[in-house]
Amino acid sequence: MSADAIAKFKEAQKQGWAHFAPLESMTTPTAARLAKFAGVQSGQRVLDVACGTGVVAITAARIGANVTGLDLTPELLERARENSGVAEVDVDWREGDVEALPFQDGAFDVVLSQFGHMFAPRPEVAIREMLRVLKPSGTIAFSTWPPELLIGRSFTLVGSYMPPPPPGVSPPPQWGDPNIVRERLGSAVTEIVFDRDRMNFPALSLPSYRAVIERTAGPMLKLVEMLSERSRTTDPIPTGVRRGACSLFREQHFAAGLSADPRN
């Protein structure tokens with residue numbers, strides 16, 4: 001994959017996720033679970049990678065950790081700053097890329113990511129960077145969506161209508177497959193632990209859920225934009241997409257992978 005193709009792909013991601021903020025009400029409960037799962041403690045140096053609107057970072061800061069939150073999208077960082085101000089906690093917010101983290105080796109006790117690092121186009125680069133900035137015997141923990149459930153299948157549905165990504169870009173739901181996670185972590189980590197739980201998506205109706213996702217979730221939003229441009233109608237989503245999105249809305253699970261003792 002050329003550097004130009006990577007840059008264009010990331011720019012599209014940055015634009016696609018700019019409207020994610022309304023979904024923070026859905027990701028806040030799971031943020032608390034991730035922080036607890038990782039064993040975040042007061043005084044620890046914590047990095048929240050692809051922090052979005054800051055729900056994980058702020059949760060860790062409320063525990064008493066010294067937190068840095070990093071995201072590719074300026075609009076989400078602006079919302080994160082507002083959220084931390086309301087919560088009256090200090091977080092060091094940074095605009096940046098998980099594939100090129102602007103921190104020294106071993107700078108953090110804990111590295112977290114909730115539904116974020118999984119969108120990096122090159123998983124091997126992202127995880128190498130996350131482990132690089134983690135101190136020896138530190139903890140890395142992340143929440144992802146399994147490929148066989150709601151969000152993972154939604155990605156597959158969207159991908160069937162979108163142009164193919166650049167060569168070498170890995171599908172985000174692969175981060176929800178324990179076997180792939182083990183392979184990517186490799187021998188650099190020990191004591192890998194997986195947990196599984198249910199994530200609820202409250203909505204007035206299935207069409208209501210679909211409408212919210214079409215306006216906020218990066219991949220679906222980009223699909224809507226593409227089809228709207230193509231058809232120039234007020235209802236751009238093909239029947240197949242609409243039926244697929246509604247049929248997938250049942251329940252959502254997320255897998256959290258925890259590894260300790262990274263070894264360089």
# chains A, B, ... in the order shown; residues from 1 in each chain; ligands from 1
call {"tool": "residues_around", "arguments": {"residues": "Thr59 in chain A", "least_positions_apart": "5", "cutoff": "9 Å", "atoms": "only C-alpha atoms", "output": "count of residues only"}}
result
5
call {"tool": "select_by_dssp", "arguments": {"residues": "range 55-112 of chain A", "states": "helix (DSSP H, G or I)", "output": "list in words"}}
result
Val55, Val56, Ala57, Ile58, Thr59, Ala60, Ala61, Arg62, Ile63, Pro74, Glu75, Leu76, Leu77, Glu78, Arg79, Ala80, Arg81, Glu82, Asn83, Ser84, Gly85, Val86 and Ala87 of chain A
call {"tool": "select_by_dssp", "arguments": {"residues": "range 60-250 of chain A", "states": "strand (DSSP E or B)", "output": "MDAnalysis selection string"}}
result
chainID A and resid 66:71 91:95 97 100 108:114 134:144 190:199
call {"tool": "atom_distance", "arguments": {"atom1": "CA of Phe37 in chain A", "atom2": "CA of Leu134 in chain A"}}
result
17.1 Å
call {"tool": "closest_residue", "arguments": {"among": "A:Thr27, A:Gln44, A:Asn66, A:Asn179", "to": "Pro202 in chain A", "atoms": "only C-alpha atoms"}}
result
A:Thr27
call {"tool": "closest_residue", "arguments": {"among": "A:Gly85, A:Pro163, A:Gly168, A:Gly69", "to": "Ala120 in chain A", "atoms": "only C-alpha atoms"}}
result
A:Gly168
call {"tool": "closest_residue", "arguments": {"among": "A:Pro121, A:Gly43, A:Pro102, A:Gly16", "to": "Pro165 in chain A", "atoms": "only C-alpha atoms"}}
result
A:Pro121
call {"tool": "decode", "arguments": {"residues": "range 6-33 of chain A", "atoms": "C-alpha atoms", "output": "mmCIF file, in the first residue's frame"}}
result
data_model
loop_
_atom_site.group_PDB
_atom_site.id
_atom_site.type_symbol
_atom_site.label_atom_id
_atom_site.label_comp_id
_atom_site.auth_asym_id
_atom_site.auth_seq_id
_atom_site.Cartn_x
_atom_site.Cartn_y
_atom_site.Cartn_z
ATOM 1 C CA ILE A 6 -2.813 5.369 3.407
ATOM 2 C CA ALA A 7 -3.054 9.138 3.810
ATOM 3 C CA LYS A 8 -6.236 9.316 1.726
ATOM 4 C CA PHE A 9 -7.772 6.431 3.645
ATOM 5 C CA LYS A 10 -7.072 8.098 6.998
ATOM 6 C CA GLU A 11 -8.421 11.426 5.793
ATOM 7 C CA ALA A 12 -11.670 9.716 4.805
ATOM 8 C CA GLN A 13 -11.832 8.135 8.258
ATOM 9 C CA LYS A 14 -11.233 11.478 9.928
ATOM 10 C CA GLN A 15 -14.131 13.014 8.030
ATOM 11 C CA GLY A 16 -16.398 9.997 8.463
ATOM 12 C CA TRP A 17 -16.152 9.921 12.251
ATOM 13 C CA ALA A 18 -16.574 13.672 12.754
ATOM 14 C CA HIS A 19 -20.295 13.232 13.563
ATOM 15 C CA PHE A 20 -19.938 10.383 16.056
ATOM 16 C CA ALA A 21 -20.613 12.436 19.230
ATOM 17 C CA PRO A 22 -24.333 11.508 19.655
ATOM 18 C CA LEU A 23 -23.338 7.844 19.985
ATOM 19 C CA GLU A 24 -21.308 8.529 23.145
ATOM 20 C CA SER A 25 -24.402 7.763 25.206
ATOM 21 C CA MET A 26 -24.128 4.187 23.947
ATOM 22 C CA THR A 27 -20.389 3.827 24.555
ATOM 23 C CA THR A 28 -20.250 5.407 28.028
ATOM 24 C CA PRO A 29 -21.438 2.295 29.948
ATOM 25 C CA THR A 30 -18.885 0.091 28.199
ATOM 26 C CA ALA A 31 -16.156 2.631 28.987
ATOM 27 C CA ALA A 32 -16.606 1.940 32.688
ATOM 28 C CA ARG A 33 -16.422 -1.789 32.064
#
